[in-house]
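So this one's start-v7.txt, compact mmCIF, C-alpha atoms:
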# COMPACT_ATOMS: atom_id res chain seq x y z
CA MET A 1 49.55 99.68 -57.80
CA ALA A 2 46.93 97.02 -57.78
CA SER A 3 48.19 93.45 -57.43
CA LYS A 4 47.19 90.69 -59.81
CA LEU A 5 44.20 88.57 -58.76
CA ASP A 6 44.59 84.76 -58.51
CA PRO A 7 41.59 83.04 -60.09
CA SER A 8 41.85 80.25 -57.55
CA GLU A 9 40.95 82.62 -54.80
CA PHE A 10 37.35 82.88 -56.11
CA VAL A 11 36.76 79.06 -56.32
CA ASP A 12 34.57 77.44 -53.62
CA LEU A 13 36.42 74.27 -52.78
CA ASP A 14 33.51 72.76 -50.76
CA TYR A 15 31.14 73.31 -53.68
CA GLN A 16 33.58 71.62 -55.99
CA ASP A 17 33.98 68.64 -53.63
CA GLY A 18 30.21 68.18 -53.45
CA ARG A 19 29.86 68.04 -57.21
CA ARG A 20 32.76 65.65 -57.62
CA PRO A 21 31.48 61.98 -57.92
CA PRO A 22 32.77 59.38 -55.43
CA ALA A 23 35.80 57.38 -56.28
CA ALA A 24 33.82 54.16 -56.39
CA GLN A 25 31.40 55.70 -58.83
CA GLN A 26 34.22 57.01 -60.90
CA ALA A 27 35.92 53.64 -60.97
CA ALA A 28 32.68 51.69 -61.62
CA PRO A 29 32.44 50.40 -65.13
CA PRO A 30 29.51 51.44 -67.15
CA ALA A 31 26.39 49.33 -66.54
CA SER A 32 25.53 46.73 -69.10
CA GLY A 33 22.48 44.52 -69.62
CA VAL A 34 24.33 41.14 -69.00
CA ALA A 35 25.01 40.00 -65.37
CA ARG A 36 28.55 39.02 -64.56
CA ALA A 37 29.17 35.37 -63.62
CA PRO A 38 30.26 34.87 -59.98
CA THR A 39 33.83 33.97 -59.41
CA ARG A 40 35.04 30.86 -57.62
CA GLU A 41 35.98 32.87 -54.58
CA GLU A 42 32.51 34.37 -54.42
CA VAL A 43 30.85 30.94 -54.69
CA GLU A 44 33.07 29.49 -51.99
CA SER A 45 32.31 32.49 -49.79
CA GLN A 46 28.59 32.02 -50.34
CA VAL A 47 28.89 28.26 -49.54
CA ALA A 48 30.73 29.07 -46.35
CA ASP A 49 28.06 31.60 -45.41
CA VAL A 50 25.29 29.06 -46.04
CA GLN A 51 27.07 26.39 -43.98
CA ALA A 52 27.62 28.84 -41.19
CA GLU A 53 23.92 29.76 -41.32
CA LEU A 54 22.93 26.07 -41.27
CA ALA A 55 25.17 25.46 -38.26
CA ARG A 56 23.63 28.43 -36.50
CA LEU A 57 20.11 27.19 -37.28
CA ARG A 58 21.03 23.69 -36.12
CA GLN A 59 22.31 25.03 -32.82
CA ALA A 60 19.16 27.12 -32.46
CA GLN A 61 17.03 24.00 -33.15
CA GLU A 62 18.93 21.98 -30.56
CA GLN A 63 18.50 24.78 -28.06
CA LEU A 64 14.77 24.91 -28.79
CA GLU A 65 14.54 21.12 -28.41
CA ARG A 66 16.20 21.33 -25.00
CA GLU A 67 13.86 24.10 -23.95
CA ARG A 68 10.86 22.09 -25.13
CA ALA A 69 12.05 19.00 -23.20
CA ALA A 70 12.51 21.14 -20.10
CA LEU A 71 9.03 22.58 -20.50
CA GLU A 72 7.54 19.10 -20.99
CA GLU A 73 9.26 17.90 -17.82
CA THR A 74 7.99 20.92 -15.94
CA ARG A 75 4.45 20.30 -17.16
CA ARG A 76 4.68 16.60 -16.17
CA ARG A 77 5.92 17.45 -12.70
CA GLN A 78 3.19 20.05 -12.27
CA ALA A 79 0.54 17.48 -13.27
CA GLU A 80 2.11 14.89 -10.93
CA TRP A 81 2.11 17.42 -8.09
CA LYS A 82 -1.52 18.34 -8.67
CA THR A 83 -2.72 14.74 -8.96
CA GLY A 84 -0.61 13.54 -6.02
CA ARG A 85 -1.72 16.43 -3.86
CA GLU A 86 -5.40 15.74 -4.48
CA GLU A 87 -4.89 12.02 -3.87
CA MET A 88 -2.95 12.49 -0.64
CA VAL A 89 -5.39 15.11 0.67
CA ARG A 90 -8.23 12.65 0.05
CA HIS A 91 -6.40 9.72 1.68
CA LEU A 92 -5.14 11.72 4.64
CA THR A 93 -8.55 13.27 5.30
CA ARG A 94 -10.23 9.86 5.19
CA GLY A 95 -7.49 8.30 7.34
CA ILE A 96 -7.74 11.02 9.96
CA GLY A 97 -11.51 10.59 10.15
CA LEU A 98 -11.32 6.81 10.48
CA LEU A 99 -8.52 6.90 13.05
CA GLU A 100 -10.26 9.58 15.09
CA GLU A 101 -13.42 7.46 15.17
CA ALA A 102 -11.42 4.34 16.03
CA GLU A 103 -9.48 6.26 18.68
CA PHE A 104 -12.72 7.49 20.25
CA SER A 105 -14.15 3.96 20.29
CA ALA A 106 -10.89 2.56 21.65
CA ARG A 107 -10.79 5.23 24.35
CA GLN A 108 -14.34 4.39 25.39
CA GLU A 109 -13.55 0.68 25.36
CA ALA A 110 -10.36 1.31 27.34
CA GLU A 111 -12.28 3.31 29.92
CA GLN A 112 -14.87 0.56 30.22
CA MET A 113 -12.11 -2.03 30.42
CA ALA A 114 -10.33 -0.04 33.13
CA LYS A 115 -13.58 0.13 35.12
CA ALA A 116 -14.11 -3.60 34.61
CA VAL A 117 -10.56 -4.36 35.75
CA ALA A 118 -11.05 -2.22 38.83
CA GLY A 119 -14.34 -3.97 39.60
CA LEU A 120 -12.85 -7.44 39.12
CA ARG A 121 -9.82 -6.57 41.25
CA GLU A 122 -12.06 -5.24 44.01
CA ALA A 123 -14.23 -8.37 43.88
CA LEU A 124 -11.11 -10.56 43.99
CA ASN A 125 -9.77 -8.71 46.99
CA LYS A 126 -13.08 -9.09 48.82
CA VAL A 127 -13.25 -12.81 48.07
CA GLN A 128 -9.66 -13.38 49.10
CA SER A 129 -10.07 -11.30 52.24
CA ILE A 130 -12.58 -13.76 53.68
CA GLN A 131 -10.81 -15.84 56.32
CA GLU A 132 -12.71 -19.01 57.21
CA GLU A 133 -10.31 -19.70 60.08
CA SER A 134 -11.76 -16.75 62.01
CA TRP A 135 -15.27 -18.12 61.94
CA THR A 136 -16.68 -19.40 65.18
CA ALA A 137 -19.83 -21.19 66.18
CA GLU A 138 -21.38 -17.94 67.34
CA ASN A 139 -20.75 -15.92 64.16
CA PHE A 140 -20.88 -18.77 61.64
CA GLN A 141 -24.31 -17.93 60.22
CA THR A 142 -23.46 -14.26 59.91
CA GLU A 143 -20.07 -14.90 58.32
CA ILE A 144 -21.35 -17.52 55.87
CA THR A 145 -24.15 -15.16 54.82
CA ARG A 146 -21.65 -12.36 54.35
CA ALA A 147 -19.31 -14.65 52.41
CA LEU A 148 -22.09 -15.85 50.11
CA THR A 149 -23.17 -12.28 49.49
CA THR A 150 -19.60 -11.31 48.61
CA LEU A 151 -19.34 -14.33 46.33
CA GLU A 152 -22.62 -13.47 44.58
CA ASN A 153 -21.50 -9.89 44.04
CA ALA A 154 -18.22 -11.15 42.59
CA ARG A 155 -20.14 -13.49 40.28
CA MET A 156 -22.33 -10.62 39.09
CA GLU A 157 -19.20 -8.52 38.44
CA TRP A 158 -17.66 -11.39 36.50
CA ASN A 159 -20.78 -12.02 34.38
CA SER A 160 -21.07 -8.30 33.62
CA ALA A 161 -17.45 -8.20 32.46
CA ARG A 162 -18.01 -11.31 30.30
CA LEU A 163 -20.95 -9.64 28.55
CA LYS A 164 -18.88 -6.53 27.79
CA PHE A 165 -15.68 -8.29 26.75
CA PRO A 166 -16.00 -11.55 24.74
CA LEU A 167 -12.31 -12.18 25.40
CA LEU A 168 -13.23 -13.41 28.88
CA ASN A 169 -15.41 -16.17 27.40
CA THR A 170 -12.44 -18.12 26.03
CA PRO A 171 -11.82 -21.18 28.22
CA ALA A 172 -8.69 -21.35 30.32
CA PRO A 173 -5.97 -23.75 29.13
CA GLU A 174 -6.40 -26.13 32.09
CA ALA A 175 -10.19 -26.11 31.69
CA ALA A 176 -9.91 -26.71 27.99
CA GLY A 177 -7.58 -29.65 28.67
CA GLU A 178 -9.94 -31.15 31.23
CA GLY A 179 -12.98 -30.79 29.01
CA ASN A 180 -11.52 -32.71 26.09
CA PRO A 181 -13.27 -36.07 25.54
CA PRO A 182 -11.13 -39.21 25.81
CA ALA A 183 -9.58 -40.32 22.61
CA SER A 184 -11.52 -43.07 20.90
CA PRO A 185 -9.71 -46.32 20.13
CA ALA A 186 -8.15 -46.62 16.77
CA ALA A 187 -10.53 -47.82 14.12
CA PRO A 188 -9.78 -51.14 12.46
CA PRO A 189 -8.04 -50.93 9.13
CA ALA A 190 -10.26 -50.68 6.12
CA LEU A 191 -11.08 -53.86 4.21
CA ALA A 192 -9.64 -52.36 1.07
CA GLY A 193 -6.17 -52.46 2.62
CA MET A 194 -6.27 -56.23 3.40
CA ASP A 195 -4.91 -59.02 1.21
CA PHE A 196 -6.87 -62.04 -0.04
CA TRP A 197 -6.01 -64.43 2.79
CA THR A 198 -6.81 -61.86 5.44
CA LEU A 199 -10.15 -61.17 3.79
CA SER A 200 -10.81 -64.91 3.63
CA ARG A 201 -10.14 -65.36 7.34
CA VAL A 202 -12.33 -62.38 8.16
CA GLY A 203 -15.10 -63.71 5.94
CA LEU A 204 -14.86 -67.15 7.49
CA GLY A 205 -14.98 -65.69 10.96
CA LEU A 206 -18.12 -63.78 10.08
CA THR A 207 -19.97 -66.59 8.25
CA TRP A 208 -18.99 -69.74 10.16
CA PRO A 209 -22.16 -69.71 12.32
CA VAL A 210 -24.29 -69.71 9.19
CA VAL A 211 -22.23 -72.50 7.66
CA LEU A 212 -22.49 -74.54 10.87
CA ALA A 213 -26.26 -74.08 10.95
CA LEU A 214 -26.56 -75.19 7.34
CA LEU A 215 -24.44 -78.28 8.00
CA THR A 216 -26.57 -79.16 11.03
CA LEU A 217 -29.75 -78.77 8.99
CA VAL A 218 -28.38 -81.02 6.25
CA MET A 219 -27.40 -83.72 8.75
CA VAL A 220 -30.85 -83.60 10.36
CA LEU A 221 -32.50 -83.96 6.97
CA LEU A 222 -30.28 -86.91 6.10
CA ILE A 223 -31.03 -88.67 9.35
CA ARG A 224 -34.77 -88.21 8.88
CA GLY A 225 -34.53 -89.46 5.33
CA LYS A 226 -33.02 -92.73 6.54

Target encoding structure tokens, full file:
Amino acid sequence: MASKLDPSEFVDLDYQDGRRPPAAQQAAPPASGVARAPTREEVESQVADVQAELARLRQAQEQLERERAALEETRRRQAEWKTGREEMVRHLTRGIGLLEEAEFSARQEAEQMAKAVAGLREALNKVQSIQEESWTAENFQTEITRALTTLENARMEWNSARLKFPLLNTPAPEAAGEGNPPASPAAPPALAGMDFWTLSRVGLGLTWPVVLALLTLVMVLLIRGK
């Protein structure tokens, strides 16, 4: 005997679920042409969102300002490095050139000075090595000629060194002291510093011969007139 068929056995449940509208759509009220006014909670939520966005933008601005300041400092330091490098390269190159030239000149002058010192020392030793006590009547002419020749050679060595080194032309302290002229006597005080009586005595001392001559002439004239 055939069993009864259940109508629910021939219903596709997945197909029915796909055609069924969502719960939100089912609960949504029918659309109308007038917008609903926001509630206080919604406004406060929107204000909080805006403030949060402003705070985020402010933080982003501060971060950008810090990055810009860091970049400006980096650019300034790069410019300082470039300018300072060029300046120091120029100064150091010029300084090396000048010092090398001065060193070369100083080395040459030092070598010449060393040769001059050696020549002067040798001439001094030769002059000091001459012993007059060993001269005798037989060898006097020979020894005096040899001594004068040694002295002339020493003088030539000295004059040559003086031409090369002007420092040798400065007078010695004892020679400079001996060459000073004697101090002149103190000059008399100026007439402007004297008082009236002093000036009168000076004037009388200078003019009394003239006054005496005039008095003598007057007396002679008076005697002749008598």

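Of note, atom CA of A:Ala147 and atom CA of A:Glu132 are spaced 9.3 Å apart.
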
request  = Give the answer as one residue: which of A:Leu168, A:Ala70, A:Leu221, A:Leu54 has the shortest atom-to-atom distance to A:Leu120, using all atoms listed in the file?
outcome  =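 The closest residue to A:Leu120 is A:Leu168.
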
inquiry  = If I take atom CA of A:Thr150 and atom CA of A:Arg121, how far is one from the other in Å, to one decimal?
reply    =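 Between atom CA of A:Thr150 and atom CA of A:Arg121 the gap works out to 13.1 Å.
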
key: Atomic separation - atom CA of A:Arg77 relative to atom CA of A:Ala60, Å   =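 It comes out at 25.7 Å.
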
Nearest-residue call for A:Met113, choices A:Val50, A:Glu87, A:Phe165, A:Arg58, using only C-alpha atoms =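 Of all the options, A:Phe165 lies closest to A:Met113.
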
message = Taking 3 positions as the minimum chain separation for residues in the same chain, which residues sit within 10 Å of A:Lys164 when counting all atoms listed in the file? Answer as number ranges by chain.
response = A: 109, 112-113, 116, 159-161, 167-168

Give me a file of those residues, with C-alpha atoms, as a compact mmCIF listing (two decimals), in the frame of the given file.
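The resulting file, selection.txt, is reproduced below:
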# COMPACT_ATOMS: atom_id res chain seq x y z
CA GLU A 109 -13.55 0.68 25.36
CA GLN A 112 -14.87 0.56 30.22
CA MET A 113 -12.11 -2.03 30.42
CA ALA A 116 -14.11 -3.60 34.61
CA ASN A 159 -20.78 -12.02 34.38
CA SER A 160 -21.07 -8.30 33.62
CA ALA A 161 -17.45 -8.20 32.46
CA LEU A 167 -12.31 -12.18 25.40
CA LEU A 168 -13.23 -13.41 28.88

Mind completing stretch 100-116 of chain A with N, CA, C and O atoms? Output as a PDB file, in the frame of the given file, please?
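Generated file (selection.pdb):
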ATOM      1  N   GLU A 100      -9.631   8.855  13.988  1.00  0.00           N
ATOM      2  CA  GLU A 100     -10.260   9.580  15.090  1.00  0.00           C
ATOM      3  C   GLU A 100     -11.467   8.811  15.631  1.00  0.00           C
ATOM      4  O   GLU A 100     -11.657   8.722  16.860  1.00  0.00           O
ATOM      5  N   GLU A 101     -12.262   8.247  14.716  1.00  0.00           N
ATOM      6  CA  GLU A 101     -13.420   7.460  15.170  1.00  0.00           C
ATOM      7  C   GLU A 101     -12.963   6.205  15.914  1.00  0.00           C
ATOM      8  O   GLU A 101     -13.514   5.860  16.968  1.00  0.00           O
ATOM      9  N   ALA A 102     -11.929   5.531  15.359  1.00  0.00           N
ATOM     10  CA  ALA A 102     -11.420   4.340  16.030  1.00  0.00           C
ATOM     11  C   ALA A 102     -10.783   4.694  17.379  1.00  0.00           C
ATOM     12  O   ALA A 102     -10.915   3.952  18.363  1.00  0.00           O
ATOM     13  N   GLU A 103     -10.089   5.835  17.427  1.00  0.00           N
ATOM     14  CA  GLU A 103      -9.480   6.260  18.680  1.00  0.00           C
ATOM     15  C   GLU A 103     -10.545   6.554  19.737  1.00  0.00           C
ATOM     16  O   GLU A 103     -10.396   6.195  20.918  1.00  0.00           O
ATOM     17  N   PHE A 104     -11.630   7.198  19.313  1.00  0.00           N
ATOM     18  CA  PHE A 104     -12.720   7.490  20.250  1.00  0.00           C
ATOM     19  C   PHE A 104     -13.335   6.201  20.784  1.00  0.00           C
ATOM     20  O   PHE A 104     -13.574   6.053  21.997  1.00  0.00           O
ATOM     21  N   SER A 105     -13.583   5.242  19.852  1.00  0.00           N
ATOM     22  CA  SER A 105     -14.150   3.960  20.290  1.00  0.00           C
ATOM     23  C   SER A 105     -13.176   3.218  21.190  1.00  0.00           C
ATOM     24  O   SER A 105     -13.581   2.623  22.202  1.00  0.00           O
ATOM     25  N   ALA A 106     -11.887   3.255  20.821  1.00  0.00           N
ATOM     26  CA  ALA A 106     -10.890   2.560  21.650  1.00  0.00           C
ATOM     27  C   ALA A 106     -10.772   3.218  23.019  1.00  0.00           C
ATOM     28  O   ALA A 106     -10.595   2.529  24.038  1.00  0.00           O
ATOM     29  N   ARG A 107     -10.868   4.543  23.072  1.00  0.00           N
ATOM     30  CA  ARG A 107     -10.790   5.230  24.350  1.00  0.00           C
ATOM     31  C   ARG A 107     -11.981   4.842  25.234  1.00  0.00           C
ATOM     32  O   ARG A 107     -11.816   4.585  26.434  1.00  0.00           O
ATOM     33  N   GLN A 108     -13.179   4.805  24.616  1.00  0.00           N
ATOM     34  CA  GLN A 108     -14.340   4.390  25.390  1.00  0.00           C
ATOM     35  C   GLN A 108     -14.198   2.948  25.882  1.00  0.00           C
ATOM     36  O   GLN A 108     -14.487   2.630  27.040  1.00  0.00           O
ATOM     37  N   GLU A 109     -13.721   2.076  24.964  1.00  0.00           N
ATOM     38  CA  GLU A 109     -13.550   0.680  25.360  1.00  0.00           C
ATOM     39  C   GLU A 109     -12.471   0.554  26.434  1.00  0.00           C
ATOM     40  O   GLU A 109     -12.606  -0.248  27.362  1.00  0.00           O
ATOM     41  N   ALA A 110     -11.404   1.359  26.313  1.00  0.00           N
ATOM     42  CA  ALA A 110     -10.360   1.310  27.340  1.00  0.00           C
ATOM     43  C   ALA A 110     -10.881   1.790  28.684  1.00  0.00           C
ATOM     44  O   ALA A 110     -10.537   1.220  29.737  1.00  0.00           O
ATOM     45  N   GLU A 111     -11.704   2.836  28.661  1.00  0.00           N
ATOM     46  CA  GLU A 111     -12.280   3.310  29.920  1.00  0.00           C
ATOM     47  C   GLU A 111     -13.182   2.248  30.540  1.00  0.00           C
ATOM     48  O   GLU A 111     -13.127   2.001  31.764  1.00  0.00           O
ATOM     49  N   GLN A 112     -14.016   1.615  29.697  1.00  0.00           N
ATOM     50  CA  GLN A 112     -14.870   0.560  30.220  1.00  0.00           C
ATOM     51  C   GLN A 112     -14.043  -0.620  30.730  1.00  0.00           C
ATOM     52  O   GLN A 112     -14.365  -1.220  31.769  1.00  0.00           O
ATOM     53  N   MET A 113     -12.953  -0.931  29.992  1.00  0.00           N
ATOM     54  CA  MET A 113     -12.110  -2.030  30.420  1.00  0.00           C
ATOM     55  C   MET A 113     -11.406  -1.708  31.735  1.00  0.00           C
ATOM     56  O   MET A 113     -11.263  -2.574  32.607  1.00  0.00           O
ATOM     57  N   ALA A 114     -10.976  -0.439  31.866  1.00  0.00           N
ATOM     58  CA  ALA A 114     -10.330  -0.040  33.130  1.00  0.00           C
ATOM     59  C   ALA A 114     -11.319  -0.153  34.291  1.00  0.00           C
ATOM     60  O   ALA A 114     -10.964  -0.619  35.390  1.00  0.00           O
ATOM     61  N   LYS A 115     -12.572   0.257  34.068  1.00  0.00           N
ATOM     62  CA  LYS A 115     -13.580   0.130  35.120  1.00  0.00           C
ATOM     63  C   LYS A 115     -13.836  -1.340  35.447  1.00  0.00           C
ATOM     64  O   LYS A 115     -13.985  -1.718  36.623  1.00  0.00           O
ATOM     65  N   ALA A 116     -13.877  -2.182  34.370  1.00  0.00           N
ATOM     66  CA  ALA A 116     -14.110  -3.600  34.610  1.00  0.00           C
ATOM     67  C   ALA A 116     -12.949  -4.225  35.377  1.00  0.00           C
ATOM     68  O   ALA A 116     -13.150  -5.063  36.271  1.00  0.00           O
TER      69      ALA A 116
END
